[in-house]
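Taking it in order: structure first as structure tokens, then the write-up.
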Amino acid sequence: MKSKIFRLFSIFLIGVLLSGCTLTWEIRTERKGNLQGWVYVSELNDDFISSQSVNVESNELEELLAEGAEIIVSNQSLGNYLPVHGATVTLEHSRMGYTRTTQTNKYGRFIFKDILTGKVRVIIDAPGFAEPVVRYGTVIADQTSEVYKVQEGVNYYLFVGIDKYQYDGVGPDGETYSAKDAELMSDVLANNNTMSGRSKLLTDSGATKKNIKKEIESMVEKSNPEDTLVFYFSGHAREDIRYGYYGIPAFDHIIPYDGNDWDNDTIITDGELRDWFKKQKNYKGQRIIVILDANYSGTFMNEKATRVQPYALAEPGFTVLVSAKPDQPSFGDIKFEHSVFTYYLAEGIDYLANKNPDGIVRVDELFKYVYEQMHNDWKEFRDKHGEDYADAVTSFPEFYGDEDAVIYRTK
């Protein structure tokens, strides 16, 4: 059998060579790079010399921290702070799932060599640290990259919540909490948030399509390249528009106050929302975070085109967090007097801001918190009423985009 295969391959190879073709075999290997950073203590070192540093094995570092000095993790060498020598630095690779450990040298520098490309988390710890310091980075092939600085800039927020629609029959039946949801998110993200810049709240009749577009364009115009634009929407999306019943064209959409189900120019499609942010002359490359609490909101980034604009927000530059999968409605809860998704968002921001030593809340960890809470609700319903009931009264959030996008910071 082996000799037969060999003869067939030989005949194929001779034929290729006689025809003048060239065969090229390429062995693909994972590309690698390096990642570095520096660790200092904020006690100013006026008499700095290159060999002077604070060794973690001495009591000096703990004494300085006890007196109020702070740990600084930098992406460049700093000449006027004391380097921390001997701090333990652990690298966690997001894609590959492995860890590496090293220590800072007498200059406070650490470097990880020959790391597979991708996003990584870096954890720095030493005796005297109240909590480990966490930073992030991206390993680039054939380069030495640096850990990220703490995200610079401020966040511009637009909160939209709609319970009462202009036209009868457009909104959902029964009590909804969308305006309260938007107010809650506005309160949470503005409170003790050092990233908070300009914020705007639109509810009910104020949340027309024209007003939403105008406020988004204003955010883009007034913000700087290092800033982040955050759009939160709690409201309605209709099943007949989503699926295109009765010959109506299907669209991935949300409905503003003056939207209806007989004129698709009145709704907001995913493509329109993208273009309001990115297809105008004032867009400078700002980060964009979109949070949608609406039925079928997963269609905005599920990479399946309903019509016109295929998965418009599933592209670089957008970080998207939604309350439900593409085929799921979104639910409110009378005991919360909010939607389940938004209630857990607010709870998660408060919990993570207090839990994380750097006071930073990133969208991916917020998603994980919310998902866990909503999954726990599903399990509780399943155990009490069965799986079919649990599926009918719960939804699951979805996430797409930049894992390191920061939505809230207390320090």
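Chain labels follow the order of the structure tokens: the first chain is A, the next B, and so on; residue numbering restarts at 1 in every chain, and ligands are counted from 1 in their shown order.
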Handout entry: Shell of 9 Å around stretch 338-353 of chain A, only C-alpha atoms, local chain residues under 5 positions omitted, as a PyMOL selection string
Key = chain A and resi 176-178+180-182+184-185+188-189+234+293+322-324+330-333+358-362+365-367+369-371+373-374+394-397+407-410
Exercise for the section: Find the residues near stretch 132-147 of chain A: any atom within 12 Å, counting only C-alpha atoms, skip ones fewer than 6 places away on the same chain, and give them as JSON, numbers by chain. Expected result: {"A": [29, 30, 31, 32, 33, 34, 35, 36, 37, 38, 39, 40, 70, 71, 72, 73, 74, 75, 76, 77, 87, 88, 89, 90, 91, 92, 93, 94, 95, 109, 110, 111, 112, 113, 114, 115, 116, 117, 118, 119, 120, 121, 122, 123, 124, 125, 126, 355, 356, 357, 358, 359, 360, 361, 362, 402, 403, 404, 405, 406]}
Practice task
Please report, as a ChimeraX atom specification, each residue of stretch 28-221 of chain A to which DSSP assigns strand (DSSP E or B) when run on this structure's backbone.
Solution key: /A:32-44,54-55,71-74,81-85,88-93,99-103,109-116,118-125,133-139,144-146,155-161,196-203
Only C-alpha atoms, please: the residues just picked out, written as a short mmCIF file (atom, residue, chain, number, x, y, z; two decimals), in the first residue's frame.
```cif
data_model
loop_
_atom_site.label_atom_id
_atom_site.label_comp_id
_atom_site.auth_asym_id
_atom_site.auth_seq_id
_atom_site.Cartn_x
_atom_site.Cartn_y
_atom_site.Cartn_z
CA LYS A 32 6.54 35.32 18.70
CA GLY A 33 7.56 38.59 20.27
CA ASN A 34 8.66 40.12 23.57
CA LEU A 35 6.84 42.18 26.22
CA GLN A 36 8.46 44.49 28.76
CA GLY A 37 7.64 47.04 31.45
CA TRP A 38 9.06 48.83 34.49
CA VAL A 39 7.99 48.86 38.14
CA TYR A 40 8.69 51.80 40.45
CA VAL A 41 7.66 53.16 43.82
CA SER A 42 6.47 56.76 43.78
CA GLU A 43 8.91 57.99 46.45
CA LEU A 44 10.87 60.59 44.49
CA VAL A 54 14.39 49.22 46.43
CA ASN A 55 14.79 45.48 46.92
CA ILE A 71 3.43 51.53 42.92
CA ILE A 72 3.87 52.72 39.35
CA VAL A 73 3.89 50.31 36.41
CA SER A 74 5.27 52.11 33.37
CA TYR A 81 11.41 57.20 40.79
CA LEU A 82 12.87 54.31 42.77
CA PRO A 83 12.95 51.04 40.79
CA VAL A 84 11.47 48.02 42.55
CA HIS A 85 13.95 45.13 42.39
CA THR A 88 7.25 38.92 40.91
CA VAL A 89 5.70 39.42 37.47
CA THR A 90 3.32 36.84 35.99
CA LEU A 91 2.16 36.85 32.36
CA GLU A 92 -1.13 35.16 31.44
CA HIS A 93 -1.70 34.55 27.73
CA THR A 99 1.53 31.57 32.19
CA ARG A 100 5.12 32.74 32.51
CA THR A 101 6.80 34.23 35.59
CA THR A 102 9.83 36.48 35.98
CA GLN A 103 11.16 39.18 38.34
CA ARG A 109 12.54 46.31 34.37
CA PHE A 110 10.92 43.03 33.47
CA ILE A 111 10.85 41.36 30.07
CA PHE A 112 9.19 38.24 28.72
CA LYS A 113 10.88 36.84 25.61
CA ASP A 114 9.60 34.57 22.85
CA ILE A 115 5.93 34.92 23.76
CA LEU A 116 3.31 33.87 21.22
CA GLY A 118 -1.79 37.97 21.20
CA LYS A 119 -3.29 39.73 24.18
CA VAL A 120 -1.82 39.07 27.62
CA ARG A 121 -2.47 40.02 31.21
CA VAL A 122 0.44 40.98 33.46
CA ILE A 123 0.22 40.70 37.27
CA ILE A 124 2.85 42.38 39.47
CA ASP A 125 3.16 41.51 43.17
CA VAL A 133 -1.21 45.35 40.22
CA VAL A 134 -2.76 44.26 36.93
CA ARG A 135 -1.85 45.58 33.49
CA TYR A 136 -2.49 44.37 29.95
CA GLY A 137 -0.50 44.20 26.75
CA THR A 138 -0.40 42.87 23.21
CA VAL A 139 2.54 40.79 22.00
CA THR A 144 9.45 44.12 21.87
CA SER A 145 6.18 45.70 23.00
CA GLU A 146 5.36 47.43 26.26
CA ASN A 155 -15.65 58.55 28.35
CA TYR A 156 -18.49 60.33 26.60
CA TYR A 157 -21.83 58.72 27.46
CA LEU A 158 -25.20 58.75 25.73
CA PHE A 159 -27.99 56.95 27.62
CA VAL A 160 -31.31 56.26 25.88
CA GLY A 161 -34.37 54.67 27.50
CA SER A 196 -16.56 60.38 33.19
CA GLY A 197 -16.61 63.20 30.68
CA ARG A 198 -19.72 64.59 29.03
CA SER A 199 -22.92 62.59 29.47
CA LYS A 200 -26.44 62.94 28.04
CA LEU A 201 -29.69 61.21 28.96
CA LEU A 202 -32.61 60.88 26.50
CA THR A 203 -35.87 59.25 27.59
#
```
Problem - Nearest to A:Gly128 by atom-to-atom distance, counting only C-alpha atoms, from A:Leu64, A:Leu229, A:Met219, A:Leu78 - result: A:Leu64
Practice task
List the neighbours of A:Glu380 out to 12 Å using only C-alpha atoms; skip same-chain residues closer than 5 positions along the sequence, and give me the result as a PyMOL selection string.
Solution key: chain A and resi 373-375+385-387+389-391+393-394
Handout entry: Pairwise distance for atom CA of A:Gly285 and atom CA of A:Ala190, rounded to one decimal in Å
Key =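 Taking atom CA of A:Gly285 and atom CA of A:Ala190, their separation equals 23.5 Å.
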Problem - Which of A:Lys368, A:Thr228, A:His236, A:Arg382 sits closest to A:Phe318 [using only C-alpha atoms] - result: A:Thr228
Problem - Backbone-only DSSP, alpha helix (DSSP H) members of stretch 60-219 of chain A, as a PyMOL selection string - result: chain A and resi 60-66+178-190+209-219
Handout entry: Given only C-alpha atoms as the counted atoms, nearest of A:Gly401, A:Asp377, A:Asn354, A:Gly271 to A:Leu321
Key =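 For A:Leu321, the nearest of the candidates is A:Gly401.
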